[in-house]
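Chemist: Structure file input.cif (mmCIF, C-alpha atoms) is given on the next line.
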```cif
data_run
#
loop_
_atom_site.label_atom_id
_atom_site.label_comp_id
_atom_site.auth_asym_id
_atom_site.auth_seq_id
_atom_site.Cartn_x
_atom_site.Cartn_y
_atom_site.Cartn_z
CA MET A 278 48.00 11.64 23.13
CA PRO A 279 44.42 10.71 24.06
CA LEU A 280 42.68 13.36 26.07
CA ASP A 281 42.28 11.05 29.05
CA SER A 282 46.09 10.76 29.35
CA LYS A 283 46.35 14.51 29.78
CA GLU A 284 43.51 14.45 32.27
CA LYS A 285 45.15 11.63 34.18
CA ILE A 286 48.42 13.58 34.44
CA ALA A 287 46.64 16.78 35.46
CA ARG A 288 44.52 15.00 38.06
CA ARG A 289 47.59 13.37 39.67
CA VAL A 290 49.62 16.60 39.70
CA ALA A 291 46.71 18.42 41.36
CA GLN A 292 46.98 16.11 44.35
CA GLU A 293 50.41 17.61 45.10
CA LEU A 294 48.92 21.06 45.71
CA LYS A 295 48.37 22.02 49.32
CA GLU A 296 46.26 24.61 51.08
CA GLY A 297 47.54 28.15 50.63
CA TYR A 298 50.13 27.31 47.98
CA LEU A 299 51.20 29.86 45.38
CA VAL A 300 51.25 27.92 42.10
CA ASN A 301 52.39 28.69 38.56
CA LEU A 302 51.00 26.48 35.81
CA GLY A 303 52.75 26.42 32.45
CA ILE A 304 50.84 26.82 29.20
CA GLY A 305 49.37 23.65 27.69
CA LEU A 306 48.95 20.46 29.68
CA PRO A 307 49.88 22.05 33.06
CA THR A 308 46.98 24.50 32.69
CA LEU A 309 44.56 21.56 33.05
CA VAL A 310 45.74 21.02 36.63
CA ALA A 311 43.50 23.90 37.72
CA ASN A 312 40.46 21.75 36.86
CA TYR A 313 41.35 19.07 39.42
CA ILE A 314 42.25 20.89 42.63
CA PRO A 315 41.10 18.64 45.49
CA ALA A 316 37.89 19.75 47.19
CA GLY A 317 38.49 22.01 50.17
CA VAL A 318 42.00 23.00 49.06
CA HIS A 319 42.45 26.66 48.21
CA VAL A 320 45.51 27.68 46.20
CA PHE A 321 46.60 30.94 44.57
CA PHE A 322 47.56 30.88 40.93
CA GLN A 323 50.32 33.12 39.66
CA SER A 324 50.90 33.95 36.03
CA GLU A 325 54.34 35.31 35.19
CA ASN A 326 52.99 38.12 33.05
CA GLY A 327 51.94 39.75 36.30
CA ILE A 328 49.13 38.42 38.51
CA VAL A 329 48.53 36.50 41.73
CA GLY A 330 44.92 35.39 42.09
CA MET A 331 44.31 34.40 38.50
CA GLY A 332 40.86 32.93 37.90
CA PRO A 333 39.40 30.87 35.06
CA GLU A 334 38.67 32.01 31.54
CA PRO A 335 35.75 34.48 31.54
CA GLU A 336 32.44 33.78 29.89
CA LYS A 337 32.05 35.22 26.43
CA GLY A 338 31.38 38.93 26.64
CA TYR A 339 33.30 39.35 29.92
CA GLU A 340 36.81 39.41 28.42
CA ASN A 341 39.15 42.25 29.38
CA LYS A 342 41.83 42.93 26.75
CA ASP A 343 44.28 43.82 29.54
CA LEU A 344 43.67 40.72 31.67
CA THR A 345 45.43 37.72 30.19
CA ASN A 346 47.63 34.75 31.09
CA ALA A 347 51.17 34.00 29.91
CA GLY A 348 49.73 32.51 26.71
CA ALA A 349 47.67 35.65 25.94
CA GLY A 350 44.44 33.84 26.81
CA PHE A 351 41.75 35.79 28.63
CA ILE A 352 41.54 35.19 32.37
CA THR A 353 39.69 36.62 35.35
CA ALA A 354 41.05 38.19 38.52
CA LEU A 355 39.52 36.54 41.59
CA PRO A 356 38.58 38.68 44.60
CA GLY A 357 41.87 39.42 46.39
CA ALA A 358 43.96 39.27 43.20
CA MET A 359 46.90 41.60 42.61
CA THR A 360 48.62 42.61 39.40
CA PHE A 361 52.22 43.81 39.11
CA ASP A 362 55.18 44.39 36.79
CA SER A 363 57.58 41.76 35.41
CA ALA A 364 60.43 42.45 37.88
CA PHE A 365 58.09 41.87 40.83
CA SER A 366 56.62 38.80 39.14
CA PHE A 367 60.05 37.22 38.82
CA ALA A 368 61.04 38.29 42.33
CA LEU A 369 58.18 36.03 43.46
CA ILE A 370 59.41 33.25 41.19
CA ARG A 371 63.17 33.51 41.69
CA GLY A 372 63.02 34.63 45.30
CA GLY A 373 61.61 31.36 46.59
CA HIS A 374 58.07 32.66 47.18
CA LEU A 375 56.46 30.36 44.64
CA ASP A 376 55.52 27.01 46.20
CA VAL A 377 55.05 24.99 43.03
CA THR A 378 55.69 25.37 39.33
CA VAL A 379 54.18 22.81 36.96
CA LEU A 380 55.87 22.69 33.57
CA GLY A 381 55.85 20.56 30.48
CA GLY A 382 58.99 18.69 29.49
CA LEU A 383 60.84 17.43 26.43
CA GLN A 384 63.32 15.33 28.43
CA VAL A 385 64.19 14.64 32.07
CA ASP A 386 67.30 12.67 32.95
CA GLU A 387 68.69 10.53 35.77
CA GLU A 388 70.03 13.63 37.54
CA GLY A 389 66.52 15.06 37.53
CA HIS A 390 67.57 17.73 35.03
CA LEU A 391 64.82 19.11 32.80
CA ALA A 392 65.12 20.15 29.15
CA ASN A 393 62.04 21.91 27.86
CA TRP A 394 62.90 25.01 25.85
CA MET A 395 64.47 24.09 22.54
CA VAL A 396 65.30 21.40 20.01
CA PRO A 397 68.40 22.69 18.20
CA GLY A 398 67.78 23.14 14.48
CA LYS A 399 64.09 22.25 14.78
CA MET A 400 62.15 24.22 17.34
CA VAL A 401 63.40 27.27 19.19
CA PRO A 402 60.51 28.78 21.13
CA GLY A 403 62.85 30.29 23.71
CA MET A 404 62.92 29.77 27.45
CA GLY A 405 60.42 32.47 28.37
CA GLY A 406 60.05 32.21 32.13
CA ALA A 407 60.91 28.50 32.37
CA MET A 408 64.55 28.88 33.45
CA ASP A 409 63.60 31.24 36.27
CA LEU A 410 60.68 29.02 37.33
CA VAL A 411 62.76 25.85 37.50
CA THR A 412 65.62 27.65 39.25
CA GLY A 413 63.52 29.48 41.82
CA ALA A 414 60.33 27.62 42.73
CA LYS A 415 60.27 25.60 45.94
CA GLU A 416 58.92 22.57 44.09
CA VAL A 417 59.21 21.82 40.38
CA ILE A 418 56.74 19.31 38.96
CA VAL A 419 57.20 18.13 35.38
CA ALA A 420 53.90 17.13 33.80
CA MET A 421 54.50 15.36 30.50
CA THR A 422 53.71 12.31 28.44
CA HIS A 423 55.95 9.35 29.12
CA THR A 424 57.13 9.08 25.52
CA ALA A 425 57.10 11.19 22.35
CA LYS A 426 56.33 9.27 19.15
CA GLY A 427 57.29 6.11 21.02
CA GLU A 428 60.67 7.48 22.13
CA PRO A 429 61.36 7.67 25.88
CA LYS A 430 61.44 11.19 27.34
CA ILE A 431 62.89 10.05 30.66
CA VAL A 432 66.48 9.44 29.59
CA LYS A 433 69.92 8.67 31.02
CA ARG A 434 71.24 12.07 30.09
CA CYS A 435 69.41 14.95 28.38
CA SER A 436 70.58 15.42 24.80
CA LEU A 437 68.65 18.70 24.56
CA PRO A 438 69.81 21.98 26.15
CA LEU A 439 68.94 22.06 29.85
CA THR A 440 66.46 24.48 31.36
CA SER A 441 68.29 24.42 34.69
CA VAL A 442 70.77 22.24 36.58
CA ARG A 443 68.43 22.31 39.55
CA ARG A 444 66.97 18.85 40.19
CA VAL A 445 63.20 18.76 39.64
CA SER A 446 60.99 17.55 42.50
CA LEU A 447 58.61 15.20 40.72
CA ILE A 448 57.86 13.79 37.25
CA VAL A 449 54.25 12.88 36.52
CA THR A 450 53.35 11.07 33.29
CA GLU A 451 50.26 9.11 32.24
CA LEU A 452 52.15 5.96 33.26
CA ALA A 453 54.23 6.85 36.28
CA VAL A 454 55.10 9.14 39.17
CA ILE A 455 58.85 9.43 39.59
CA GLU A 456 60.86 11.33 42.18
CA PRO A 457 64.47 12.26 41.41
CA THR A 458 66.61 11.57 44.50
CA ASP A 459 70.31 11.53 45.47
CA ASP A 460 70.39 7.85 44.48
CA GLY A 461 68.59 8.26 41.16
CA LEU A 462 65.05 8.20 39.82
CA LEU A 463 62.66 6.60 42.30
CA LEU A 464 59.58 5.05 40.70
CA LYS A 465 56.86 5.62 43.31
CA GLU A 466 53.61 5.00 41.45
CA ILE A 467 52.46 3.42 38.22
CA ALA A 468 49.13 3.94 36.47
CA GLU A 469 46.26 1.48 36.93
CA GLU A 470 46.30 0.97 33.15
CA THR A 471 49.94 -0.14 32.90
CA THR A 472 52.40 -2.69 34.22
CA LEU A 473 55.82 -2.29 35.80
CA GLU A 474 57.32 -4.02 32.78
CA GLU A 475 55.77 -1.53 30.38
CA VAL A 476 56.97 1.47 32.42
CA LEU A 477 60.53 0.10 32.52
CA ARG A 478 60.45 -0.68 28.79
CA LEU A 479 59.31 2.86 27.91
CA THR A 480 61.90 4.52 30.16
CA GLU A 481 65.51 4.88 29.02
CA ALA A 482 66.79 6.02 32.39
CA THR A 483 67.43 3.52 35.16
CA LEU A 484 64.54 3.51 37.61
CA ILE A 485 64.75 2.49 41.24
CA VAL A 486 61.47 0.72 41.93
CA SER A 487 60.11 1.78 45.29
CA PRO A 488 59.38 -1.07 47.69
CA GLU A 489 56.14 0.76 48.39
CA LEU A 490 55.14 1.02 44.74
CA THR A 491 51.49 2.00 44.46
CA LYS A 492 48.98 2.55 41.64
CA PHE A 493 47.27 5.79 40.64
CA MET B 1137 56.27 66.03 28.47
CA ARG B 1138 54.80 66.99 25.14
CA ILE B 1139 51.66 65.59 23.54
CA ILE B 1140 52.29 64.72 19.91
CA GLU B 1141 50.46 63.22 16.97
CA LEU B 1142 51.20 59.67 15.90
CA GLU B 1143 52.73 61.05 12.72
CA GLU B 1144 55.52 62.72 14.72
CA VAL B 1145 56.58 59.46 16.34
CA ALA B 1146 57.87 58.19 13.03
CA GLU B 1147 59.99 61.35 12.71
CA LEU B 1148 61.53 60.87 16.16
CA ILE B 1149 62.43 57.22 15.69
CA ARG B 1150 65.11 56.92 13.05
CA PRO B 1151 66.14 53.72 11.23
CA GLY B 1152 68.74 51.77 13.20
CA SER B 1153 67.35 52.83 16.58
CA THR B 1154 67.28 50.53 19.59
CA LEU B 1155 63.75 50.28 20.97
CA MET B 1156 62.40 48.86 24.20
CA ILE B 1157 58.77 47.97 23.64
CA GLY B 1158 56.41 47.12 26.50
CA GLY B 1159 53.97 44.26 26.38
CA PHE B 1160 53.52 40.53 26.84
CA LEU B 1161 52.34 38.75 23.69
CA GLY B 1162 50.98 42.09 22.52
CA VAL B 1163 49.07 42.86 25.73
CA GLY B 1164 50.28 46.23 27.00
CA THR B 1165 52.04 47.01 23.72
CA PRO B 1166 51.64 50.44 22.03
CA ASN B 1167 50.04 49.04 18.91
CA ASN B 1168 49.24 52.35 17.20
CA ILE B 1169 52.89 53.40 17.41
CA ILE B 1170 53.94 50.03 15.99
CA ASP B 1171 51.47 50.40 13.13
CA LYS B 1172 52.95 53.82 12.33
CA LEU B 1173 56.50 52.41 12.30
CA VAL B 1174 55.27 49.72 9.90
CA GLU B 1175 53.47 52.26 7.70
CA LYS B 1176 56.60 54.45 7.50
CA SER B 1177 58.82 51.38 7.13
CA ILE B 1178 61.36 52.43 9.77
CA ARG B 1179 64.05 49.78 9.26
CA ASP B 1180 67.11 48.24 10.83
CA LEU B 1181 65.63 48.34 14.32
CA VAL B 1182 66.98 46.55 17.37
CA VAL B 1183 63.96 45.63 19.50
CA ILE B 1184 64.08 44.67 23.17
CA GLY B 1185 60.86 43.17 24.51
CA ASN B 1186 59.45 40.14 26.26
CA ASP B 1187 58.54 38.29 23.07
CA THR B 1188 57.76 38.75 19.38
CA ALA B 1189 54.03 38.17 19.96
CA PHE B 1190 52.14 36.99 16.89
CA GLU B 1191 52.72 37.74 13.22
CA ASP B 1192 49.73 40.07 13.13
CA ARG B 1193 50.07 41.59 16.57
CA GLY B 1194 52.47 43.73 18.59
CA ILE B 1195 56.20 43.40 17.98
CA GLY B 1196 55.35 40.55 15.60
CA LYS B 1197 54.27 43.10 13.00
CA LEU B 1198 57.72 44.71 13.02
CA VAL B 1199 59.25 41.27 12.47
CA LYS B 1200 56.75 40.29 9.78
CA ASN B 1201 57.52 43.49 7.85
CA LYS B 1202 61.28 42.84 8.15
CA LEU B 1203 61.99 46.02 10.06
CA CYS B 1204 64.15 44.40 12.75
CA ARG B 1205 67.88 43.79 12.49
CA LYS B 1206 67.85 42.12 15.86
CA VAL B 1207 65.38 41.20 18.60
CA ILE B 1208 66.35 40.66 22.24
CA VAL B 1209 63.50 38.69 23.86
CA SER B 1210 62.66 35.75 26.11
CA HIS B 1211 60.26 33.91 23.83
CA ILE B 1212 59.57 33.58 20.09
CA GLY B 1213 57.43 30.43 20.13
CA THR B 1214 54.20 32.19 19.13
CA ASN B 1215 55.69 33.77 16.02
CA PRO B 1216 56.82 31.32 13.32
CA GLU B 1217 58.09 34.23 11.19
CA THR B 1218 60.66 35.14 13.88
CA GLN B 1219 61.92 31.57 13.86
CA ARG B 1220 62.01 31.51 10.08
CA GLN B 1221 64.02 34.75 9.83
CA MET B 1222 66.37 33.57 12.57
CA ILE B 1223 67.05 30.22 10.89
CA ALA B 1224 67.44 31.91 7.47
CA GLY B 1225 69.97 34.34 8.99
CA GLU B 1226 67.84 37.37 8.06
CA MET B 1227 67.49 38.61 11.62
CA GLU B 1228 69.50 38.09 14.79
CA VAL B 1229 67.65 36.73 17.83
CA GLU B 1230 69.08 36.92 21.34
CA LEU B 1231 67.11 34.85 23.85
CA ILE B 1232 67.21 35.87 27.51
CA PRO B 1233 65.37 34.24 30.42
CA GLN B 1234 62.34 36.39 31.19
CA GLY B 1235 63.24 37.19 34.78
CA THR B 1236 66.78 38.06 33.73
CA LEU B 1237 65.46 40.33 30.99
CA ALA B 1238 63.27 42.16 33.51
CA GLU B 1239 66.20 42.63 35.90
CA ARG B 1240 68.60 43.73 33.15
CA VAL B 1241 66.12 46.39 32.06
CA ARG B 1242 65.60 47.40 35.68
CA ALA B 1243 69.38 47.61 36.19
CA GLY B 1244 69.65 49.77 33.08
CA GLY B 1245 67.14 52.19 34.49
CA ALA B 1246 68.31 52.09 38.07
CA GLY B 1247 71.99 52.90 37.56
CA LEU B 1248 73.18 49.43 38.52
CA GLY B 1249 76.28 47.89 36.95
CA GLY B 1250 74.55 44.53 36.59
CA ILE B 1251 72.68 41.91 38.56
CA LEU B 1252 73.57 38.46 39.87
CA THR B 1253 71.07 35.71 39.14
CA PRO B 1254 71.13 31.94 39.65
CA THR B 1255 68.98 31.54 36.52
CA GLY B 1256 70.92 30.01 33.64
CA VAL B 1257 73.85 28.67 35.69
CA GLY B 1258 75.10 25.46 34.06
CA THR B 1259 73.05 26.01 30.89
CA VAL B 1260 73.89 27.55 27.51
CA VAL B 1261 72.82 30.91 28.98
CA GLU B 1262 76.04 30.85 31.01
CA ASN B 1263 78.25 30.93 27.87
CA GLY B 1264 80.53 33.97 27.80
CA LYS B 1265 79.35 35.27 31.17
CA ARG B 1266 81.13 35.74 34.47
CA VAL B 1267 80.11 33.26 37.16
CA ILE B 1268 80.37 34.76 40.63
CA GLU B 1269 80.15 32.65 43.75
CA ILE B 1270 78.54 34.17 46.83
CA ASP B 1271 78.30 32.16 50.06
CA GLY B 1272 78.93 28.99 48.07
CA LYS B 1273 76.18 29.57 45.52
CA LYS B 1274 76.83 30.34 41.84
CA TYR B 1275 75.32 33.33 40.07
CA LEU B 1276 75.65 34.78 36.58
CA LEU B 1277 76.64 38.41 36.21
CA GLU B 1278 74.03 39.86 33.86
CA LEU B 1279 74.63 43.34 32.53
CA PRO B 1280 72.22 46.27 32.35
CA ILE B 1281 70.35 47.05 29.11
CA ARG B 1282 69.26 50.46 27.89
CA ALA B 1283 67.70 51.69 24.66
CA ASP B 1284 67.43 54.84 22.56
CA PHE B 1285 63.65 54.80 22.92
CA ALA B 1286 61.15 53.15 25.23
CA LEU B 1287 57.72 52.68 23.68
CA ILE B 1288 55.26 52.42 26.53
CA LYS B 1289 51.55 51.60 26.70
CA ALA B 1290 49.51 53.20 29.48
CA LYS B 1291 45.82 53.16 30.28
CA LYS B 1292 45.78 56.73 31.53
CA CYS B 1293 48.14 59.66 31.45
CA ASP B 1294 47.75 63.13 32.94
CA TYR B 1295 49.16 66.38 31.54
CA TYR B 1296 52.33 65.94 33.63
CA GLY B 1297 52.89 62.56 31.95
CA ASN B 1298 52.08 60.52 35.06
CA LEU B 1299 51.10 57.02 33.98
CA VAL B 1300 48.59 54.45 35.16
CA TYR B 1301 48.77 50.94 33.73
CA ASN B 1302 46.01 48.36 33.54
CA LEU B 1303 46.13 44.85 35.08
CA THR B 1304 48.43 42.45 33.19
CA ALA B 1305 49.09 45.10 30.54
CA THR B 1306 51.60 46.51 33.06
CA ASN B 1307 54.34 43.88 32.61
CA PHE B 1308 57.60 45.44 31.31
CA ASN B 1309 56.26 48.98 30.81
CA PRO B 1310 57.21 50.63 34.12
CA LEU B 1311 60.69 49.06 33.98
CA MET B 1312 61.33 50.24 30.43
CA ALA B 1313 60.15 53.78 31.19
CA LEU B 1314 63.31 54.16 33.30
CA ALA B 1315 65.76 52.57 30.88
CA ALA B 1316 65.72 54.61 27.66
CA ASP B 1317 67.05 57.99 26.57
CA THR B 1318 63.66 59.01 25.19
CA VAL B 1319 60.35 57.74 26.50
CA ILE B 1320 57.32 57.75 24.19
CA VAL B 1321 53.97 56.77 25.64
CA GLU B 1322 50.81 55.63 23.91
CA ALA B 1323 47.99 56.37 26.38
CA GLU B 1324 44.40 55.35 25.88
CA GLU B 1325 43.15 58.42 27.71
CA ILE B 1326 44.52 61.75 28.93
CA VAL B 1327 43.10 63.14 32.14
CA PRO B 1328 43.53 66.37 34.15
CA VAL B 1329 46.44 66.68 36.58
CA GLY B 1330 45.28 65.73 40.06
CA THR B 1331 42.68 63.18 39.04
CA LEU B 1332 45.03 60.19 39.22
CA PRO B 1333 45.40 58.92 42.79
CA PRO B 1334 49.12 59.06 43.72
CA ASP B 1335 49.06 55.39 44.73
CA GLU B 1336 47.89 54.36 41.27
CA ILE B 1337 50.61 56.20 39.36
CA LYS B 1338 53.37 53.69 38.57
CA THR B 1339 55.52 55.93 36.35
CA PRO B 1340 56.05 59.58 37.25
CA GLY B 1341 55.67 62.15 34.48
CA ILE B 1342 59.24 63.36 34.89
CA LEU B 1343 60.34 60.20 33.05
CA VAL B 1344 58.06 60.77 30.07
CA ASP B 1345 59.12 62.78 27.01
CA TYR B 1346 56.24 62.35 24.53
CA VAL B 1347 52.67 61.14 24.72
CA VAL B 1348 50.38 59.98 21.93
CA VAL B 1349 46.73 59.76 22.95
CA SER B 1350 45.28 56.77 21.13
CA GLY B 1351 41.90 55.87 22.53
CA VAL B 1352 41.05 52.31 23.49
CA ARG B 1353 42.14 49.62 21.13
#
```
Starting from the file, give its structure as structure tokens.
Modeler:
Amino acid sequence: MPLDSKEKIARRVAQELKEGYLVNLGIGLPTLVANYIPAGVHVFFQSENGIVGMGPEPEKGYENKDLTNAGAGFITALPGAMTFDSAFSFALIRGGHLDVTVLGGLQVDEEGHLANWMVPGKMVPGMGGAMDLVTGAKEVIVAMTHTAKGEPKIVKRCSLPLTSVRRVSLIVTELAVIEPTDDGLLLKEIAEETTLEEVLRLTEATLIVSPELTKF
Amino acid sequence: MRIIELEEVAELIRPGSTLMIGGFLGVGTPNNIIDKLVEKSIRDLVVIGNDTAFEDRGIGKLVKNKLCRKVIVSHIGTNPETQRQMIAGEMEVELIPQGTLAERVRAGGAGLGGILTPTGVGTVVENGKRVIEIDGKKYLLELPIRADFALIKAKKCDYYGNLVYNLTATNFNPLMALAADTVIVEAEEIVPVGTLPPDEIKTPGILVDYVVVSGVR
């Protein structure tokens, strides 16, 4: 994926974050969202290994071996940060105190179900905190590329093991912004660089095209 | 609490033991104790921890040296050797959602018969578990976990065994210190009784059996 696709996804996801939100960003693409928080909006970042108030990577020479994110990368603690144990961390996540979780995805289907933790027989990283995050956060945003090696990732029904049966709140790809609803997947926005035809062609699931379709 | 040398740890922990090991991708893991277990080749271990870290770090070293019969963790994605041994059938891997793992350890240490969590409902995690409905919402009954030994990493310890953790190196450590028959701590520094502010102590010394003083690493 070209770097600007990732940036485009991250930039669009960042617009969903509101003043005062507690936000958990997954490792990888979701981490980039922190670079695009709209001016004037202040959010708190949580990392499931035990911090609220996570700041950016420190400059070289300022690393603390005991201050890391959920990918073991060095972070900083912003003024007002708090650290805590894993049970408390997941009480925040599961207990409905986390406003938004942004996660990567392998597949999302017409029910809005996410699969993102294993490919049987090929890749078994484990679910880590993903199942708790998707089950417990107030809003779940999936930030992923629209296709993988040309194959659609937004499918009729997930063939991979589900992360949760909770319906995700929003899917943001480099081509589209899609909201799972009671009626199905609502296509709300398409990228400036694409066409409606291309989005539909690269999506296996049925999309309901919003009458107010906009570009991003 | 008794202060011991690293050498004695390998005499306490026998092959076949079940170990809870603190840490998150090796951060907050008692690495000197792990190195000693590797050096003495203590085998057939069942290890409960958040993850198997990296091949050259933390619990990953136990896996790399083929000392584990089974690991019970939430994530193995950073350690290709864990995945290789699992696929080859050389080691059993039980994957548990991270929040569920934390609560199962907490339950094990808190005298609870289990916990009810919505996490995993309707997924493969539900297989073989009781689903209990409360006020119309489904939960999985997840059972407590305990271990023979908890291997804990602390920043500071006093001569009563009171422990202070550091930042995100806290993670599973305080939970595990309650959930094992024998608690062995690797502390970077030992300080006089009374110098640790009561508010900063997260694990009381009455829970701690042995302490190895390691220095910063």
Chemist: Which one of B:Asp1187, B:Glu1336, B:Asp1284, B:Glu1144 sits closest to chain A if you count only C-alpha atoms?
Modeler: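 The answer is B:Asp1187, which sits nearest to chain A.
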Chemist: If you take all atoms listed in the file and a cut-off of 9 Å, which residues of chain A touch chain B, and what are their nearest atom pairs and distances in Å to one decimal, in chain and number order, as a tab-separated table?
Modeler:
```
residue	atom	partner	partner_atom	distance
A:Glu325	CA	B:Asn1307	CA	8.9
A:Asn326	CA	B:Asn1307	CA	5.9
A:Gly327	CA	B:Thr1304	CA	5.4
A:Ile328	CA	B:Thr1304	CA	6.7
A:Lys342	CA	B:Val1163	CA	7.3
A:Asp343	CA	B:Ala1305	CA	5.1
A:Leu344	CA	B:Thr1304	CA	5.3
A:Thr345	CA	B:Thr1304	CA	6.4
A:Asn346	CA	B:Thr1304	CA	8.0
A:Ala347	CA	B:Phe1160	CA	7.6
A:Gly348	CA	B:Leu1161	CA	7.4
A:Ala349	CA	B:Leu1161	CA	6.0
A:Met359	CA	B:Leu1303	CA	8.2
A:Thr360	CA	B:Leu1303	CA	5.5
A:Phe361	CA	B:Thr1306	CA	6.7
A:Asp362	CA	B:Asn1307	CA	4.3
A:Ser363	CA	B:Asn1307	CA	4.8
A:Ala364	CA	B:Ala1238	CA	5.2
A:Phe365	CA	B:Ala1238	CA	9.0
A:Ser366	CA	B:Gly1235	CA	8.1
A:Phe367	CA	B:Gly1235	CA	5.1
A:Ala368	CA	B:Gly1235	CA	7.9
A:Ile370	CA	B:Gly1235	CA	8.4
A:Arg371	CA	B:Gly1235	CA	7.8
A:Gly398	CA	B:Ile1223	CA	8.0
A:Met400	CA	B:Gln1219	CA	8.1
A:Val401	CA	B:Gly1213	CA	6.8
A:Pro402	CA	B:Gly1213	CA	3.6
A:Gly403	CA	B:His1211	CA	4.5
A:Met404	CA	B:Pro1233	CA	5.9
A:Gly405	CA	B:Ser1210	CA	4.6
A:Gly406	CA	B:Gln1234	CA	4.9
A:Ala407	CA	B:Pro1233	CA	7.5
A:Met408	CA	B:Thr1255	CA	6.0
A:Asp409	CA	B:Thr1255	CA	5.4
A:Leu410	CA	B:Thr1255	CA	8.7
A:Val411	CA	B:Thr1255	CA	8.5
A:Thr412	CA	B:Thr1255	CA	5.8
A:Gly413	CA	B:Thr1255	CA	7.9
A:Pro438	CA	B:Thr1259	CA	7.0
A:Leu439	CA	B:Thr1259	CA	5.8
A:Thr440	CA	B:Thr1259	CA	6.8
A:Ser441	CA	B:Gly1256	CA	6.3
A:Val442	CA	B:Gly1258	CA	6.0
```
Chemist: Would you save the residues from that selection as a CSV table (one decimal), keeping the file's coordinate frame, using C-alpha atoms?
Modeler:
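Output (out-v2.csv):
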```csv
chain,number,residue,atom,x,y,z
A,325,GLU,CA,54.3,35.3,35.2
A,326,ASN,CA,53.0,38.1,33.0
A,327,GLY,CA,51.9,39.8,36.3
A,328,ILE,CA,49.1,38.4,38.5
A,342,LYS,CA,41.8,42.9,26.8
A,343,ASP,CA,44.3,43.8,29.5
A,344,LEU,CA,43.7,40.7,31.7
A,345,THR,CA,45.4,37.7,30.2
A,346,ASN,CA,47.6,34.8,31.1
A,347,ALA,CA,51.2,34.0,29.9
A,348,GLY,CA,49.7,32.5,26.7
A,349,ALA,CA,47.7,35.6,25.9
A,359,MET,CA,46.9,41.6,42.6
A,360,THR,CA,48.6,42.6,39.4
A,361,PHE,CA,52.2,43.8,39.1
A,362,ASP,CA,55.2,44.4,36.8
A,363,SER,CA,57.6,41.8,35.4
A,364,ALA,CA,60.4,42.4,37.9
A,365,PHE,CA,58.1,41.9,40.8
A,366,SER,CA,56.6,38.8,39.1
A,367,PHE,CA,60.0,37.2,38.8
A,368,ALA,CA,61.0,38.3,42.3
A,370,ILE,CA,59.4,33.2,41.2
A,371,ARG,CA,63.2,33.5,41.7
A,398,GLY,CA,67.8,23.1,14.5
A,400,MET,CA,62.2,24.2,17.3
A,401,VAL,CA,63.4,27.3,19.2
A,402,PRO,CA,60.5,28.8,21.1
A,403,GLY,CA,62.8,30.3,23.7
A,404,MET,CA,62.9,29.8,27.4
A,405,GLY,CA,60.4,32.5,28.4
A,406,GLY,CA,60.0,32.2,32.1
A,407,ALA,CA,60.9,28.5,32.4
A,408,MET,CA,64.6,28.9,33.4
A,409,ASP,CA,63.6,31.2,36.3
A,410,LEU,CA,60.7,29.0,37.3
A,411,VAL,CA,62.8,25.8,37.5
A,412,THR,CA,65.6,27.6,39.2
A,413,GLY,CA,63.5,29.5,41.8
A,438,PRO,CA,69.8,22.0,26.2
A,439,LEU,CA,68.9,22.1,29.8
A,440,THR,CA,66.5,24.5,31.4
A,441,SER,CA,68.3,24.4,34.7
A,442,VAL,CA,70.8,22.2,36.6
```
Chemist: May I ask for the distance between CA of Thr458 (chain A) and CA of Leu1276 (chain B), given in Å to one decimal place?
Modeler: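 CA of Leu1276 (chain B) lies 26.1 Å from CA of Thr458 (chain A).
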Chemist: For the structure shown, which residues end up in the PyMOL selection byres ((chain B and resi 1346) around 8)? Put them as a ChimeraX atom specification, please?
Modeler: /B:1137-1140,1319-1321,1344-1345,1347-1348
Chemist: List the residues selected by the PyMOL selection byres ((chain A and resi 303-314) around 9) in the file shown, writing them as an NGL selection string.
Modeler: :A and (283-284 or 286-292 or 294 or 301-302 or 315-320 or 322 or 324 or 333 or 346-348 or 378-381 or 407 or 419-421)
Chemist: Only C-alpha atoms, please: the residues just picked out, written as a short mmCIF file (atom, residue, chain, number, x, y, z; two decimals), in the frame of the given file.
Modeler:
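Result file is out.cif:
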```
data_model
loop_
_atom_site.label_atom_id
_atom_site.label_comp_id
_atom_site.auth_asym_id
_atom_site.auth_seq_id
_atom_site.Cartn_x
_atom_site.Cartn_y
_atom_site.Cartn_z
CA LYS A 283 46.35 14.51 29.78
CA GLU A 284 43.51 14.45 32.27
CA ILE A 286 48.42 13.58 34.44
CA ALA A 287 46.64 16.78 35.46
CA ARG A 288 44.52 15.00 38.06
CA ARG A 289 47.59 13.37 39.67
CA VAL A 290 49.62 16.60 39.70
CA ALA A 291 46.71 18.42 41.36
CA GLN A 292 46.98 16.11 44.35
CA LEU A 294 48.92 21.06 45.71
CA ASN A 301 52.39 28.69 38.56
CA LEU A 302 51.00 26.48 35.81
CA PRO A 315 41.10 18.64 45.49
CA ALA A 316 37.89 19.75 47.19
CA GLY A 317 38.49 22.01 50.17
CA VAL A 318 42.00 23.00 49.06
CA HIS A 319 42.45 26.66 48.21
CA VAL A 320 45.51 27.68 46.20
CA PHE A 322 47.56 30.88 40.93
CA SER A 324 50.90 33.95 36.03
CA PRO A 333 39.40 30.87 35.06
CA ASN A 346 47.63 34.75 31.09
CA ALA A 347 51.17 34.00 29.91
CA GLY A 348 49.73 32.51 26.71
CA THR A 378 55.69 25.37 39.33
CA VAL A 379 54.18 22.81 36.96
CA LEU A 380 55.87 22.69 33.57
CA GLY A 381 55.85 20.56 30.48
CA ALA A 407 60.91 28.50 32.37
CA VAL A 419 57.20 18.13 35.38
CA ALA A 420 53.90 17.13 33.80
CA MET A 421 54.50 15.36 30.50
#
```
